[in-house]
Amino acid sequence: MTVVFFVGALYYFIALVAVINVYILAVSFLCFIILSGIFISKLAVDPLQEYVKNLQELSKETLHELNLPVSTIKTNTQMLQKALSDEKSIKRLGRIQSACSMLEERYNELDYMIKMQSREDVSELFSLKELVEERVAFFRTLYPQMVFELQADEIEVLSDKKGIGKVIDNIVDNGVKYSNQSQRIKIRLNETRLSIEDFGIGMDEVELLHIFDTYYQSNSMVQGFGIGLSMVKRFCDKNSIDLSFDSKPSRGTKVELEFKKLGN
């Protein structure tokens, strides 16, 4: 079918050369190029769209299948915890539970990313205080050597709960990584303002200008890829959350998030 189309088109243009003026020939040739481009693009894009669609379906199915083993591990470790009395076995079980919690976090992140790719509305009404307490509890398990000072007032927001959780995780994780020897993170939620403060190495004015640059790291010795704060910035801009940084070298960094009140 494709060969017949192009041969017929070529014959048509040869006939035009003989009987039609150059202007009409040029316009016709331009139209031919445009149509050919559209046709070739369609041939190239359609398989790619089908591939992406199949990949999304596979991701959803795989994610669904992952939910069962994670739930099974959690349920059985909780049952084992009640039956064990040996301290060494309890510690081993605790490590399994921590690993399971981390796996569950990755599951939730994948679920969130799939929903975002599908452009689903992920806004919901939730307690910001409860979310902050949940994330701090997770980091206390992940970094038992750190002291997390938490003071939070009750506040409800209508927003992307999972996205805000990821923002909090990135900021707290950065605070831990750059805390140096202080081992202290201060978190305050007052009305609509959330502040997360570390007392580590801090940053100077030049470094503050680059913190939102993708792949930028103020300290190359710290493990990571330098993409966390650029993601935080994009999320806050998209969801109308005011984001500010205050940092001094050797004194630490304070990050503040200002949320809109309901009805505003």
# chains A, B, ... in the order shown; residues from 1 in each chain; ligands from 1

call {"tool": "select_by_dssp", "arguments": {"residues": "region 74-161 of chain A", "states": "alpha helix (DSSP H)", "output": "MDAnalysis selection string"}}
result
chainID A and resid 74:83 87:117 128:142 161

call {"tool": "write_last_selection", "arguments": {"atoms": "C-alpha atoms", "output": "tab-separated table (two decimals), in the first residue's frame"}}
result
chain	number	residue	atom	x	y	z
A	74	LYS	CA	4.62	-7.43	57.66
A	75	THR	CA	1.89	-9.69	59.03
A	76	ASN	CA	4.22	-12.60	59.79
A	77	THR	CA	6.93	-10.47	61.40
A	78	GLN	CA	4.32	-8.96	63.70
A	79	MET	CA	3.21	-12.46	64.70
A	80	LEU	CA	6.82	-13.60	65.23
A	81	GLN	CA	7.57	-10.56	67.35
A	82	LYS	CA	4.96	-11.66	69.88
A	83	ALA	CA	6.42	-15.18	70.09
A	87	GLU	CA	17.22	-10.66	72.27
A	88	LYS	CA	19.41	-11.60	69.30
A	89	SER	CA	16.41	-12.97	67.37
A	90	ILE	CA	14.37	-9.87	68.17
A	91	LYS	CA	17.15	-7.66	66.75
A	92	ARG	CA	17.29	-9.76	63.58
A	93	LEU	CA	13.53	-9.52	63.25
A	94	GLY	CA	13.79	-5.75	63.71
A	95	ARG	CA	16.18	-5.54	60.76
A	96	ILE	CA	13.72	-7.52	58.64
A	97	GLN	CA	10.94	-5.12	59.64
A	98	SER	CA	13.10	-2.11	58.77
A	99	ALA	CA	13.92	-3.59	55.36
A	100	CYS	CA	10.23	-4.32	54.81
A	101	SER	CA	9.34	-0.72	55.70
A	102	MET	CA	11.88	0.56	53.17
A	103	LEU	CA	10.45	-1.79	50.53
A	104	GLU	CA	6.95	-0.52	51.35
A	105	GLU	CA	8.21	3.05	50.88
A	106	ARG	CA	9.50	2.18	47.41
A	107	TYR	CA	6.15	0.52	46.63
A	108	ASN	CA	4.28	3.69	47.64
A	109	GLU	CA	6.63	5.84	45.56
A	110	LEU	CA	6.10	3.67	42.45
A	111	ASP	CA	2.35	3.78	42.98
A	112	TYR	CA	2.54	7.57	43.27
A	113	MET	CA	4.65	7.92	40.12
A	114	ILE	CA	2.25	5.77	38.09
A	115	LYS	CA	-0.69	7.90	39.21
A	116	MET	CA	1.21	11.07	38.30
A	117	GLN	CA	2.04	9.69	34.85
A	128	LEU	CA	-0.14	17.68	58.03
A	129	LYS	CA	0.78	17.04	61.66
A	130	GLU	CA	0.10	13.31	61.30
A	131	LEU	CA	2.11	13.18	58.06
A	132	VAL	CA	5.10	14.92	59.67
A	133	GLU	CA	4.92	12.58	62.68
A	134	GLU	CA	4.78	9.57	60.34
A	135	ARG	CA	7.85	10.68	58.37
A	136	VAL	CA	9.82	11.49	61.54
A	137	ALA	CA	8.99	8.04	62.93
A	138	PHE	CA	10.36	6.51	59.73
A	139	PHE	CA	13.62	8.49	59.99
A	140	ARG	CA	14.03	7.60	63.66
A	141	THR	CA	14.05	3.97	62.58
A	142	LEU	CA	16.38	4.68	59.67
A	161	LYS	CA	-0.07	13.99	50.45

call {"tool": "atom_distance", "arguments": {"atom1": "CA of Asp246 (chain A)", "atom2": "CA of Lys261 (chain A)"}}
result
23.4 Å

call {"tool": "residues_around", "arguments": {"residues": "Glu156 (chain A)", "least_positions_apart": "2", "cutoff": "8 Å", "atoms": "only C-alpha atoms", "output": "list in words"}}
result
Leu125, Phe126, Ser127, Leu128, Lys129, Glu154, Leu158 and Leu262 of chain A

call {"tool": "write_last_selection", "arguments": {"atoms": "N, CA and C atoms", "output": "mmCIF file, in the first residue's frame"}}
result
data_model
loop_
_atom_site.group_PDB
_atom_site.id
_atom_site.type_symbol
_atom_site.label_atom_id
_atom_site.label_comp_id
_atom_site.auth_asym_id
_atom_site.auth_seq_id
_atom_site.Cartn_x
_atom_site.Cartn_y
_atom_site.Cartn_z
ATOM 1 N N LEU A 125 -7.627 15.735 51.444
ATOM 2 C CA LEU A 125 -7.616 16.477 52.697
ATOM 3 C C LEU A 125 -6.971 15.591 53.769
ATOM 4 N N PHE A 126 -5.925 16.089 54.418
ATOM 5 C CA PHE A 126 -5.225 15.273 55.403
ATOM 6 C C PHE A 126 -4.592 16.150 56.486
ATOM 7 N N SER A 127 -4.224 15.514 57.582
ATOM 8 C CA SER A 127 -3.567 16.187 58.696
ATOM 9 C C SER A 127 -2.071 16.278 58.410
ATOM 10 N N LEU A 128 -1.574 17.489 58.282
ATOM 11 C CA LEU A 128 -0.145 17.675 58.033
ATOM 12 C C LEU A 128 0.664 17.249 59.258
ATOM 13 N N LYS A 129 0.100 17.456 60.431
ATOM 14 C CA LYS A 129 0.780 17.038 61.661
ATOM 15 C C LYS A 129 1.011 15.529 61.662
ATOM 16 N N GLU A 154 -1.731 21.079 65.087
ATOM 17 C CA GLU A 154 -2.669 20.431 64.179
ATOM 18 C C GLU A 154 -3.032 21.378 63.040
ATOM 19 N N LEU A 158 -5.268 20.624 51.920
ATOM 20 C CA LEU A 158 -5.795 19.922 50.749
ATOM 21 C C LEU A 158 -4.717 19.957 49.682
ATOM 22 N N LEU A 262 -6.753 26.485 54.198
ATOM 23 C CA LEU A 262 -7.926 26.021 53.465
ATOM 24 C C LEU A 262 -8.874 27.188 53.203
#

call {"tool": "atom_distance", "arguments": {"atom1": "CA of Cys236 (chain A)", "atom2": "CA of Glu207 (chain A)"}}
result
20.2 Å

call {"tool": "residues_around", "arguments": {"residues": "Lys254 (chain A)", "least_positions_apart": "6", "cutoff": "6 Å", "atoms": "only C-alpha atoms", "output": "PyMOL selection string"}}
result
chain A and resi 196-197+245-246

call {"tool": "select_by_dssp", "arguments": {"residues": "region 145-224 of chain A", "states": "strand (DSSP E or B)", "output": "list in words"}}
result
Val147, Phe148, Glu149, Leu150, Gln151, Ala152, Glu156, Val157, Leu158, Ser159, Asp160, Arg184, Ile185, Lys186, Ile187, Arg188, Leu189, Asn190, Arg193, Leu194, Ser195, Ile196, Glu197 and Asp198 of chain A

call {"tool": "write_last_selection", "arguments": {"atoms": "N, CA and C atoms", "output": "JSON list (two decimals), in the first residue's frame"}}
result
[["chain", "number", "residue", "atom", "x", "y", "z"],
["A", 147, "VAL", "N", 18.91, 12.63, 66.77],
["A", 147, "VAL", "CA", 17.87, 13.13, 67.68],
["A", 147, "VAL", "C", 16.95, 14.04, 66.87],
["A", 148, "PHE", "N", 15.69, 13.65, 66.74],
["A", 148, "PHE", "CA", 14.71, 14.45, 66.01],
["A", 148, "PHE", "C", 13.80, 15.16, 67.02],
["A", 149, "GLU", "N", 13.96, 16.47, 67.11],
["A", 149, "GLU", "CA", 13.14, 17.27, 68.02],
["A", 149, "GLU", "C", 11.90, 17.74, 67.25],
["A", 150, "LEU", "N", 10.75, 17.23, 67.64],
["A", 150, "LEU", "CA", 9.52, 17.51, 66.90],
["A", 150, "LEU", "C", 8.51, 18.23, 67.77],
["A", 151, "GLN", "N", 7.99, 19.32, 67.23],
["A", 151, "GLN", "CA", 6.89, 20.04, 67.85],
["A", 151, "GLN", "C", 5.93, 20.44, 66.74],
["A", 152, "ALA", "N", 4.68, 19.96, 66.81],
["A", 152, "ALA", "CA", 3.76, 20.16, 65.69],
["A", 152, "ALA", "C", 2.37, 20.54, 66.18],
["A", 156, "GLU", "N", -4.83, 21.00, 58.85],
["A", 156, "GLU", "CA", -5.28, 20.20, 57.71],
["A", 156, "GLU", "C", -5.02, 20.96, 56.42],
["A", 157, "VAL", "N", -4.56, 20.24, 55.41],
["A", 157, "VAL", "CA", -4.30, 20.85, 54.11],
["A", 157, "VAL", "C", -4.94, 19.98, 53.03],
["A", 158, "LEU", "N", -5.27, 20.62, 51.92],
["A", 158, "LEU", "CA", -5.80, 19.92, 50.75],
["A", 158, "LEU", "C", -4.72, 19.96, 49.68],
["A", 159, "SER", "N", -4.02, 18.84, 49.51],
["A", 159, "SER", "CA", -2.90, 18.82, 48.58],
["A", 159, "SER", "C", -2.51, 17.38, 48.25],
["A", 160, "ASP", "N", -1.35, 17.25, 47.63],
["A", 160, "ASP", "CA", -0.79, 15.96, 47.25],
["A", 160, "ASP", "C", -0.02, 15.39, 48.45],
["A", 184, "ARG", "N", 21.51, 16.19, 65.27],
["A", 184, "ARG", "CA", 20.28, 16.81, 65.79],
["A", 184, "ARG", "C", 19.53, 17.49, 64.65],
["A", 185, "ILE", "N", 18.24, 17.17, 64.55],
["A", 185, "ILE", "CA", 17.36, 17.80, 63.57],
["A", 185, "ILE", "C", 16.16, 18.38, 64.33],
["A", 186, "LYS", "N", 15.88, 19.63, 64.08],
["A", 186, "LYS", "CA", 14.77, 20.32, 64.76],
["A", 186, "LYS", "C", 13.63, 20.55, 63.77],
["A", 187, "ILE", "N", 12.45, 20.07, 64.09],
["A", 187, "ILE", "CA", 11.29, 20.17, 63.19],
["A", 187, "ILE", "C", 10.14, 20.85, 63.93],
["A", 188, "ARG", "N", 9.60, 21.92, 63.32],
["A", 188, "ARG", "CA", 8.51, 22.66, 63.92],
["A", 188, "ARG", "C", 7.40, 22.88, 62.89],
["A", 189, "LEU", "N", 6.16, 22.61, 63.33],
["A", 189, "LEU", "CA", 4.99, 22.89, 62.50],
["A", 189, "LEU", "C", 4.08, 23.82, 63.29],
["A", 190, "ASN", "N", 4.08, 25.10, 62.91],
["A", 190, "ASN", "CA", 3.29, 26.12, 63.59],
["A", 190, "ASN", "C", 2.31, 26.73, 62.59],
["A", 193, "ARG", "N", 3.17, 26.93, 58.74],
["A", 193, "ARG", "CA", 4.60, 26.94, 58.43],
["A", 193, "ARG", "C", 5.29, 25.71, 59.02],
["A", 194, "LEU", "N", 6.00, 24.99, 58.14],
["A", 194, "LEU", "CA", 6.80, 23.85, 58.55],
["A", 194, "LEU", "C", 8.28, 24.20, 58.39],
["A", 195, "SER", "N", 9.04, 24.10, 59.46],
["A", 195, "SER", "CA", 10.48, 24.38, 59.40],
["A", 195, "SER", "C", 11.26, 23.13, 59.78],
["A", 196, "ILE", "N", 12.32, 22.87, 59.03],
["A", 196, "ILE", "CA", 13.21, 21.73, 59.28],
["A", 196, "ILE", "C", 14.62, 22.28, 59.35],
["A", 197, "GLU", "N", 15.25, 22.12, 60.50],
["A", 197, "GLU", "CA", 16.54, 22.77, 60.74],
["A", 197, "GLU", "C", 17.59, 21.76, 61.19],
["A", 198, "ASP", "N", 18.76, 21.81, 60.56],
["A", 198, "ASP", "CA", 19.89, 21.02, 61.03],
["A", 198, "ASP", "C", 20.97, 21.96, 61.55]]

call {"tool": "atom_distance", "arguments": {"atom1": "CA of Glu205 (chain A)", "atom2": "CA of Val167 (chain A)"}}
result
22.7 Å

call {"tool": "residues_around", "arguments": {"residues": "Ser179 (chain A)", "least_positions_apart": "3", "cutoff": "8 Å", "atoms": "only C-alpha atoms", "output": "PyMOL selection string"}}
result
chain A and resi 175-176+182-184+198-201+252
